[in-house]
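Undergrad: A single structure is presented below for examination.
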Amino acid sequence: MAVAGRKLRLPLLDREIPLVADEWAKPELGSGCVKITPPTTPTTRGGQRQNLPMVNILNTDGTLNANAGPYAA
């Protein structure tokens with residue numbers, strides 16, 4: 001089902017995102033699929049290993065910026 005190199009569409013923002021293979025995924029513990037989130041969690045290392053862009057959606061005051069699309073404040 002999951003093949004590295006494919007592109008997926010993030011439906012909330014209609015943004016294309018890459019599907020990557022990474023050592024963080026552990027199929028023996030479940031599906032083997034892991035969502036790599038923004039740079040606030042341990043999975044950030046996976047994003048860095050895969051050279052994924054770190055998209056910042058926050059303003060300095062904690063509100064959402066233009067990268068959050070229609071959810072921006």
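Residue numbers start at 1 in each chain; chains themselves are named A, B, ... in the order of the structure tokens; ligands are numbered from 1 in the order shown.
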Mind checking which residues fall within 12 Å of segment 4-11 of chain A, counting only C-alpha atoms, ignoring those fewer than 3 positions away in the same chain, and posting them as number ranges by chain?
TA: A: 1, 14-22, 33, 35, 50, 68-69
Undergrad: Those same residues - N, CA and C atoms - I'd like them written as a JSON list (two decimals), in the first residue's frame.
TA:
```json
[["chain", "number", "residue", "atom", "x", "y", "z"],
["A", 1, "MET", "N", 0.82, -1.19, 0.00],
["A", 1, "MET", "CA", 0.00, 0.00, 0.00],
["A", 1, "MET", "C", 0.87, 1.26, 0.00],
["A", 14, "ASP", "N", -5.35, 20.96, 1.03],
["A", 14, "ASP", "CA", -5.16, 20.62, -0.38],
["A", 14, "ASP", "C", -3.69, 20.78, -0.76],
["A", 15, "ARG", "N", -2.81, 20.29, 0.14],
["A", 15, "ARG", "CA", -1.37, 20.41, -0.05],
["A", 15, "ARG", "C", -0.81, 19.02, -0.34],
["A", 16, "GLU", "N", 0.09, 18.94, -1.32],
["A", 16, "GLU", "CA", 0.75, 17.68, -1.65],
["A", 16, "GLU", "C", 1.88, 17.44, -0.66],
["A", 17, "ILE", "N", 1.96, 16.20, -0.14],
["A", 17, "ILE", "CA", 3.03, 15.84, 0.78],
["A", 17, "ILE", "C", 3.64, 14.52, 0.34],
["A", 18, "PRO", "N", 4.93, 14.31, 0.61],
["A", 18, "PRO", "CA", 5.59, 13.08, 0.17],
["A", 18, "PRO", "C", 5.34, 11.92, 1.13],
["A", 19, "LEU", "N", 5.32, 10.73, 0.59],
["A", 19, "LEU", "CA", 5.29, 9.52, 1.39],
["A", 19, "LEU", "C", 6.73, 9.01, 1.40],
["A", 20, "VAL", "N", 7.28, 8.78, 2.58],
["A", 20, "VAL", "CA", 8.68, 8.36, 2.70],
["A", 20, "VAL", "C", 8.77, 7.07, 3.50],
["A", 21, "ALA", "N", 9.85, 6.34, 3.33],
["A", 21, "ALA", "CA", 10.15, 5.16, 4.14],
["A", 21, "ALA", "C", 11.21, 5.57, 5.16],
["A", 22, "ASP", "N", 11.00, 5.20, 6.43],
["A", 22, "ASP", "CA", 11.93, 5.61, 7.47],
["A", 22, "ASP", "C", 12.01, 4.52, 8.53],
["A", 33, "CYS", "N", 2.95, 2.47, 9.59],
["A", 33, "CYS", "CA", 2.84, 3.84, 9.10],
["A", 33, "CYS", "C", 2.96, 4.81, 10.27],
["A", 35, "LYS", "N", 3.05, 9.10, 11.10],
["A", 35, "LYS", "CA", 2.91, 10.47, 10.62],
["A", 35, "LYS", "C", 4.07, 11.28, 11.19],
["A", 50, "GLN", "N", 14.88, 12.48, 6.24],
["A", 50, "GLN", "CA", 14.28, 12.42, 4.91],
["A", 50, "GLN", "C", 14.35, 13.75, 4.17],
["A", 68, "ALA", "N", -1.03, 27.93, 7.35],
["A", 68, "ALA", "CA", -2.17, 27.17, 7.86],
["A", 68, "ALA", "C", -3.39, 27.32, 6.97],
["A", 69, "GLY", "N", -3.22, 28.01, 5.85],
["A", 69, "GLY", "CA", -4.31, 28.17, 4.89],
["A", 69, "GLY", "C", -5.52, 28.85, 5.51]]
```
Undergrad: Find the residue from A:Val34, A:Asn67, A:Asn59, A:Leu13 that sits nearest to Gly46 of chain A; use only C-alpha atoms when measuring.
TA: A:Val34
Undergrad: Per DSSP on the backbone, what are the strand (DSSP E) residues of chain A, as a list in words?
TA: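 Those residues are Lys7, Leu8, Arg9, Leu10, Arg15, Glu16, Ile17 and Pro18 of chain A.
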Undergrad: Taking the backbone alone, and naming residues the way the document does, which bits of chain A are alpha helix (DSSP H) by DSSP, as a PyMOL selection string?
TA: chain A and resi 44-49
Undergrad: Write out the residues from the selection above, keeping N, CA and C atoms, as a PDB file, in the first residue's frame.
TA:
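Written output follows (again-v3.pdb):
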```pdb
ATOM      1  N   THR A  44      10.488  14.252  14.518  1.00  0.00           N
ATOM      2  CA  THR A  44      11.204  15.295  13.769  1.00  0.00           C
ATOM      3  C   THR A  44      12.482  14.735  13.168  1.00  0.00           C
ATOM      4  N   ARG A  45      13.154  13.862  13.897  1.00  0.00           N
ATOM      5  CA  ARG A  45      14.394  13.270  13.372  1.00  0.00           C
ATOM      6  C   ARG A  45      14.135  12.541  12.060  1.00  0.00           C
ATOM      7  N   GLY A  46      12.977  11.915  11.951  1.00  0.00           N
ATOM      8  CA  GLY A  46      12.609  11.261  10.693  1.00  0.00           C
ATOM      9  C   GLY A  46      12.468  12.275   9.580  1.00  0.00           C
ATOM     10  N   GLY A  47      11.856  13.400   9.876  1.00  0.00           N
ATOM     11  CA  GLY A  47      11.726  14.461   8.880  1.00  0.00           C
ATOM     12  C   GLY A  47      13.068  14.998   8.454  1.00  0.00           C
ATOM     13  N   GLN A  48      13.974  15.129   9.408  1.00  0.00           N
ATOM     14  CA  GLN A  48      15.321  15.605   9.090  1.00  0.00           C
ATOM     15  C   GLN A  48      16.077  14.566   8.264  1.00  0.00           C
ATOM     16  N   ARG A  49      15.972  13.285   8.647  1.00  0.00           N
ATOM     17  CA  ARG A  49      16.645  12.228   7.880  1.00  0.00           C
ATOM     18  C   ARG A  49      16.154  12.202   6.436  1.00  0.00           C
TER      19      ARG A  49
END
```
Undergrad: Applying 9 Å and only C-alpha atoms, which residues near Ala72 of chain A remain after dropping the ones on its own chain fewer than 4 positions away? List them as a VMD selection string.
TA: chain A and resid 57 to 58 63 to 68
